[in-house]
$ cat upload.txt   # compact mmCIF, C-alpha atoms
# COMPACT_ATOMS: atom_id res chain seq x y z
CA MET V 1 -5.50 -19.01 -9.39
CA ARG V 2 -2.07 -17.97 -10.59
CA THR V 3 -3.02 -14.34 -9.90
CA TYR V 4 -3.97 -15.09 -6.28
CA LEU V 5 -0.76 -17.07 -5.81
CA ALA V 6 1.24 -14.10 -7.12
CA VAL V 7 -0.57 -11.75 -4.72
CA ALA V 8 0.13 -14.07 -1.76
CA LEU V 9 3.81 -14.40 -2.69
CA GLY V 10 4.11 -10.64 -3.25
CA GLY V 11 2.36 -10.05 0.08
CA LEU V 12 4.86 -12.30 1.83
CA VAL V 13 7.85 -10.46 0.32
CA GLY V 14 6.35 -6.98 0.81
CA THR V 15 5.57 -7.65 4.48
CA GLY V 16 9.09 -9.04 4.95
CA LEU V 17 10.69 -5.93 3.43
CA ARG V 18 8.56 -3.66 5.63
CA LEU V 19 9.53 -5.69 8.70
CA ALA V 20 13.21 -5.37 7.70
CA VAL V 21 12.96 -1.57 7.42
CA ASP V 22 11.24 -1.51 10.85
CA LEU V 23 14.11 -3.54 12.22
CA PHE V 24 16.82 -1.26 10.80
CA LEU V 25 15.05 1.97 11.75
CA PRO V 26 13.38 1.16 15.06
CA HIS V 27 11.31 3.82 16.80
CA ALA V 28 9.50 4.00 20.12
CA GLU V 29 5.69 3.63 19.96
CA THR V 30 5.44 7.33 20.78
CA GLY V 31 8.37 8.43 18.58
CA PHE V 32 8.33 9.68 14.98
CA PRO V 33 7.73 6.61 12.76
CA VAL V 34 10.51 7.15 10.21
CA SER V 35 10.42 3.56 8.92
CA THR V 36 6.70 3.65 8.03
CA LEU V 37 7.14 7.04 6.38
CA ILE V 38 10.05 5.81 4.21
CA VAL V 39 8.24 2.61 3.27
CA ASN V 40 5.06 4.47 2.27
CA LEU V 41 6.85 7.18 0.27
CA VAL V 42 9.08 4.70 -1.61
CA GLY V 43 6.11 2.42 -2.26
CA ALA V 44 3.99 5.26 -3.68
CA LEU V 45 6.80 6.34 -6.03
CA VAL V 46 7.54 2.83 -7.31
CA LEU V 47 3.86 1.89 -7.79
CA GLY V 48 3.26 5.15 -9.68
CA TRP V 49 6.25 4.42 -11.89
CA LEU V 50 5.01 0.89 -12.65
CA VAL V 51 1.39 1.92 -13.29
CA GLY V 52 2.39 4.83 -15.53
CA GLY V 53 5.21 3.00 -17.26
CA LEU V 54 5.74 -0.70 -17.76
CA TRP V 55 2.09 -1.61 -17.15
CA ALA V 56 0.79 0.95 -19.61
CA ARG V 57 2.50 -1.09 -22.31
CA PRO V 58 0.28 -3.76 -23.81
CA GLY V 59 1.04 -7.38 -23.05
CA THR V 60 1.93 -7.13 -19.33
CA PRO V 61 0.49 -10.34 -17.82
CA SER V 62 -2.18 -9.67 -15.18
CA TRP V 63 -0.57 -11.99 -12.61
CA LEU V 64 2.60 -9.91 -12.80
CA ARG V 65 0.69 -6.68 -12.15
CA ALA V 66 -1.23 -8.29 -9.28
CA GLY V 67 1.89 -9.84 -7.75
CA PHE V 68 3.99 -6.67 -7.79
CA GLY V 69 1.21 -4.10 -7.36
CA ALA V 70 -1.48 -5.48 -5.06
CA GLY V 71 0.87 -8.06 -3.54
CA LEU V 72 4.37 -6.69 -3.02
CA LEU V 73 3.90 -2.90 -3.01
CA GLY V 74 0.41 -3.14 -1.52
CA SER V 75 1.60 -4.93 1.58
CA PHE V 76 4.99 -3.18 1.69
CA THR V 77 3.08 0.04 2.30
CA THR V 78 0.52 0.39 5.05
CA MET V 79 -2.32 2.68 6.07
CA SER V 80 -3.05 0.96 9.39
CA ALA V 81 0.43 1.73 10.75
CA VAL V 82 -0.07 5.41 9.88
CA MET V 83 -3.37 5.46 11.80
CA ALA V 84 -1.89 3.45 14.69
CA SER V 85 0.98 5.94 15.04
CA LEU V 86 -1.45 8.86 14.90
CA VAL V 87 -3.48 7.33 17.73
CA LEU V 88 -0.43 6.55 19.89
CA LEU V 89 1.22 9.94 19.32
CA SER V 90 -2.03 11.81 20.04
CA SER V 91 -2.84 9.86 23.20
CA ASP V 92 0.71 10.64 24.36
CA GLY V 93 -0.06 14.33 23.92
CA ALA V 94 2.30 14.75 20.95
CA TRP V 95 -0.37 16.39 18.77
CA TRP V 96 2.10 18.43 16.75
CA LEU V 97 4.20 15.42 15.92
CA ALA V 98 1.05 13.50 14.90
CA ALA V 99 -0.08 16.37 12.66
CA LEU V 100 3.39 16.71 11.12
CA TYR V 101 3.61 12.96 10.49
CA LEU V 102 0.18 12.84 8.83
CA THR V 103 0.91 15.90 6.68
CA VAL V 104 4.30 14.66 5.50
CA SER V 105 2.88 11.18 4.78
CA VAL V 106 -0.11 12.40 2.75
CA VAL V 107 1.52 15.30 0.88
CA GLY V 108 4.71 13.32 0.26
CA GLY V 109 2.87 10.15 -0.77
CA LEU V 110 0.63 11.95 -3.27
CA ALA V 111 3.54 13.99 -4.67
CA LEU V 112 5.72 10.92 -5.13
CA ALA V 113 2.87 8.90 -6.67
CA ALA V 114 2.40 11.75 -9.17
CA ALA V 115 6.14 11.92 -9.86
CA GLY V 116 6.24 8.14 -10.34
CA LEU V 117 3.32 8.20 -12.79
CA ARG V 118 5.00 10.99 -14.76
CA LEU V 119 8.40 9.28 -14.86
CA GLY V 120 6.75 6.02 -15.85
CA SER V 121 4.68 7.49 -18.67
CA ARG V 122 7.81 9.04 -20.15
CA LEU V 123 9.22 5.52 -20.29
CA ALA V 124 6.02 4.06 -21.74
CA HIS V 125 5.85 6.57 -24.57
CA ARG V 126 9.46 6.20 -25.59
CA PRO V 127 9.41 4.71 -29.07
CA MET V 128 10.66 1.18 -29.54
CA PRO V 129 14.14 1.03 -31.13
CA THR V 130 13.82 0.91 -34.89
CA THR V 131 17.39 0.55 -36.10
CA VAL V 132 17.64 -0.95 -39.56
CA THR V 133 20.80 -2.95 -39.99
CA ASP V 134 20.41 -4.61 -43.34
CA ALA V 135 21.01 -1.48 -45.43
CA GLY V 136 17.66 -1.80 -47.16
CA GLN V 137 18.32 -5.16 -48.81
CA THR V 138 15.26 -6.93 -47.45
CA LEU V 139 13.01 -3.97 -46.61
CA MET R 1 10.18 -6.48 16.74
CA THR R 2 12.82 -7.21 19.37
CA ALA R 3 15.88 -9.42 19.69
CA GLU R 4 13.69 -12.07 21.37
CA THR R 5 11.43 -12.40 18.34
CA THR R 6 11.67 -16.03 17.24
CA PRO R 7 11.90 -17.17 13.58
CA ALA R 8 8.47 -18.81 13.97
CA VAL R 9 6.94 -15.44 14.87
CA VAL R 10 8.66 -13.76 11.90
CA ILE R 11 7.24 -16.42 9.56
CA ALA R 12 3.80 -15.95 11.11
CA VAL R 13 4.06 -12.17 10.49
CA LEU R 14 4.91 -12.76 6.81
CA VAL R 15 2.08 -15.29 6.34
CA ALA R 16 -0.37 -12.94 8.07
CA GLY R 17 0.75 -10.16 5.69
CA ALA R 18 0.17 -12.44 2.70
CA VAL R 19 -3.31 -13.38 3.95
CA GLY R 20 -4.11 -9.67 4.38
CA ALA R 21 -2.90 -8.93 0.83
CA VAL R 22 -5.06 -11.72 -0.65
CA ILE R 23 -8.16 -10.48 1.23
CA ARG R 24 -7.47 -6.91 0.00
CA PHE R 25 -7.03 -8.15 -3.58
CA ALA R 26 -10.21 -10.25 -3.44
CA LEU R 27 -12.22 -7.31 -2.08
CA SER R 28 -10.82 -4.87 -4.65
CA ARG R 29 -11.94 -7.34 -7.35
CA ALA R 30 -15.38 -7.76 -5.79
CA LEU R 31 -15.75 -3.95 -5.66
CA PRO R 32 -13.95 -2.89 -8.84
CA VAL R 33 -12.99 0.74 -9.40
CA ARG R 34 -15.42 2.45 -11.76
CA PRO R 35 -13.57 5.14 -13.72
CA GLY R 36 -13.81 8.51 -12.01
CA ARG R 37 -15.55 7.08 -8.91
CA LEU R 38 -14.26 6.44 -5.40
CA PRO R 39 -12.09 3.30 -5.17
CA VAL R 40 -14.42 1.76 -2.58
CA GLY R 41 -12.63 -1.59 -2.21
CA ILE R 42 -9.34 -0.02 -1.07
CA LEU R 43 -11.20 2.51 1.09
CA VAL R 44 -13.04 -0.30 2.91
CA VAL R 45 -9.92 -2.40 3.62
CA ASN R 46 -7.96 0.65 4.76
CA VAL R 47 -10.66 1.69 7.23
CA ILE R 48 -11.27 -1.86 8.52
CA GLY R 49 -7.52 -2.49 8.87
CA SER R 50 -7.02 0.79 10.73
CA ALA R 51 -9.91 0.06 13.10
CA LEU R 52 -8.53 -3.42 13.78
CA ALA R 53 -5.03 -2.04 14.43
CA GLY R 54 -6.48 0.50 16.89
CA ALA R 55 -8.43 -2.25 18.67
CA LEU R 56 -5.35 -4.49 18.93
CA LEU R 57 -3.17 -1.66 20.26
CA GLY R 58 -5.82 -1.01 22.90
CA LEU R 59 -5.84 -4.68 23.92
CA ALA R 60 -2.02 -4.73 23.97
CA GLU R 61 -1.93 -1.69 26.26
CA ARG R 62 -3.82 -3.53 29.01
CA ALA R 63 -1.78 -6.65 28.30
CA ALA R 64 -4.76 -8.60 26.97
CA ILE R 65 -2.55 -9.72 24.07
CA GLY R 66 1.20 -10.32 24.04
CA HIS R 67 3.92 -8.68 21.99
CA ASP R 68 4.18 -11.56 19.50
CA VAL R 69 0.43 -11.59 18.83
CA GLN R 70 0.51 -7.83 18.38
CA LEU R 71 3.38 -8.13 15.88
CA ILE R 72 1.63 -10.88 13.89
CA LEU R 73 -1.78 -9.18 13.77
CA VAL R 74 -0.87 -5.47 13.61
CA THR R 75 2.38 -5.44 11.61
CA GLY R 76 1.53 -8.59 9.66
CA PHE R 77 -2.19 -8.85 9.04
CA CYS R 78 -3.30 -5.18 9.29
CA GLY R 79 -0.15 -4.04 7.47
CA GLY R 80 -0.80 -6.47 4.63
CA LEU R 81 -4.55 -5.78 4.52
CA THR R 82 -4.14 -2.00 4.24
CA THR R 83 -2.16 -0.14 1.61
CA PHE R 84 -0.77 3.33 1.17
CA SER R 85 0.72 3.00 -2.32
CA THR R 86 -2.48 1.98 -4.13
CA TRP R 87 -4.39 4.70 -2.27
CA SER R 88 -1.87 7.38 -3.36
CA VAL R 89 -1.73 6.27 -6.99
CA GLU R 90 -5.52 5.92 -7.32
CA THR R 91 -6.00 9.39 -5.84
CA ILE R 92 -3.54 10.91 -8.33
CA GLU R 93 -5.23 9.05 -11.19
CA LEU R 94 -8.58 10.58 -10.15
CA LEU R 95 -6.94 14.03 -10.13
CA GLY R 96 -5.30 13.38 -13.50
CA GLY R 97 -8.70 12.44 -14.93
CA GLY R 98 -10.12 15.76 -13.76
CA ARG R 99 -12.16 14.11 -10.97
CA TRP R 100 -10.74 16.34 -8.26
CA ARG R 101 -13.88 16.08 -6.13
CA ALA R 102 -13.60 12.28 -6.01
CA ALA R 103 -9.85 12.62 -5.29
CA VAL R 104 -10.39 14.99 -2.35
CA LEU R 105 -13.21 12.77 -1.07
CA ASN R 106 -10.97 9.69 -1.27
CA VAL R 107 -8.31 11.41 0.85
CA LEU R 108 -10.71 12.89 3.40
CA VAL R 109 -12.98 9.86 3.85
CA THR R 110 -10.02 7.47 4.22
CA LEU R 111 -8.19 9.68 6.72
CA VAL R 112 -11.21 10.75 8.77
CA LEU R 113 -12.81 7.29 8.98
CA GLY R 114 -9.41 5.59 9.46
CA ALA R 115 -8.32 7.89 12.28
CA ALA R 116 -11.77 7.97 13.92
CA THR R 117 -12.24 4.19 13.93
CA ALA R 118 -8.64 3.47 14.97
CA GLY R 119 -8.81 6.06 17.76
CA GLY R 120 -12.28 4.99 18.86
CA MET R 121 -11.41 1.30 19.07
CA TYR R 122 -8.18 2.11 20.93
CA LEU R 123 -9.96 4.24 23.53
CA LEU R 124 -12.76 1.70 23.87
CA LEU R 125 -10.53 -1.31 24.45
CA ARG R 126 -7.45 -0.04 26.27

$ encode --input "upload.txt" --output "structure tokens"
Amino acid sequence: MRTYLAVALGGLVGTGLRLAVDLFLPHAETGFPVSTLIVNLVGALVLGWLVGGLWARPGTPSWLRAGFGAGLLGSFTTMSAVMASLVLLSSDGAWWLAALYLTVSVVGGLALAAAGLRLGSRLAHRPMPTTVTDAGQTL
Amino acid sequence: MTAETTPAVVIAVLVAGAVGAVIRFALSRALPVRPGRLPVGILVVNVIGSALAGALLGLAERAAIGHDVQLILVTGFCGGLTTFSTWSVETIELLGGGRWRAAVLNVLVTLVLGAATAGGMYLLLR
């Protein structure tokens, strides 16, 4: 139950953030959808970083993963808006723009997800600090 | 979203996004990812959400639905139901596990079915 609540709350926040980016970077229905592209690329990088990093460490509660991953980043990013823009651009005759948008989205999204996973796993495998401060008296 | 968008509509968009996210999460749990296999749950929601968005854009074009309804259902519900980040990360994880065939299939099936259903519904309903 707590997990579903976290997903719902994350979904609320993620949708709100996406709406805010849409508001700050508006585009015509037949223009290049910069806001969706930014949202999807940032979301892929951050999710990769979390999956490869913090969440690879044992003891991350499942509601936290669900809330931030499936909830927040899942609904921050969107596949339907990509497809909707492809359809609108193509039916407007802007085939090249549609192809460019799809290519940049897919190649960029996969590259940033990979970069995020790599950055994250570097963090996950960093050893815990092991400073000894008692000069060997109790160890 | 325009300057005339009321706070009630914005709240409805956010709630619709949350509902979409919960449905996506429930489906991805019902169809869990088997290691090295296609992440079917995310594939299904992405294709269904894309088809629905195409249908709604078609209806909006012949003014069968208003701008507010379009914002709530397309930006809110379909946006929350579908995901790009999970799709990207799961594809890279398949590649990292040496399952490049499943990774390529995940990309192609999602894009081809998503674009075909979104485009088909749009053309059918506009």

$ closest_residue --input "upload.txt" --among "V:Leu123, V:Leu37, V:Leu45, V:Leu117" --to "Thr103 of chain V" --atoms "all atoms listed in the file"
V:Leu37

$ interface_residues --input "upload.txt" --of "chain R" --to "chain V" --cutoff "7 Å" --atoms "only C-alpha atoms" --output "number ranges by chain"
R: 1, 14-15, 17-19, 21-22, 25, 46, 49-50, 53-54, 76, 78-86, 88-89, 92, 114-115, 118-119

$ atom_distance --input "upload.txt" --atom1 "atom CA of Val13 of chain R" --atom2 "atom CA of Ala26 of chain R"
20.0 Å

$ atom_distance --input "upload.txt" --atom1 "atom CA of Gly120 of chain R" --atom2 "atom CA of Leu52 of chain R"
10.5 Å

$ atom_distance --input "upload.txt" --atom1 "atom CA of Thr91 of chain R" --atom2 "atom CA of Tyr122 of chain R"
27.8 Å

$ residues_around --input "upload.txt" --residues "Leu27 of chain R" --least-positions-apart "3" --cutoff "10 Å" --atoms "only C-alpha atoms" --output "PyMOL selection string"
chain R and resi 21-24+30-32+40-42+44-45

$ closest_residue --input "upload.txt" --among "V:Gly31, V:Leu25, V:Ile38, V:Leu64" --to "Leu97 of chain V" --atoms "only C-alpha atoms"
V:Gly31

$ closest_residue --input "upload.txt" --among "R:Val109, R:Ala102, R:Leu57, R:Met121" --to "Gly36 of chain R" --atoms "all atoms listed in the file"
R:Ala102

$ closest_residue --input "upload.txt" --among "R:Trp87, R:Ala116, R:Phe77, R:Ile65" --to "Leu43 of chain R" --atoms "all atoms listed in the file"
R:Trp87

$ axis_aligned_box --input "upload.txt" --around "segment 13-29 of chain R" --padding-each-side "4 Å" --output "JSON"
{"center_x": -3.7, "center_y": -10.1, "center_z": 1.6, "size_x": 25.1, "size_y": 18.4, "size_z": 25.8}
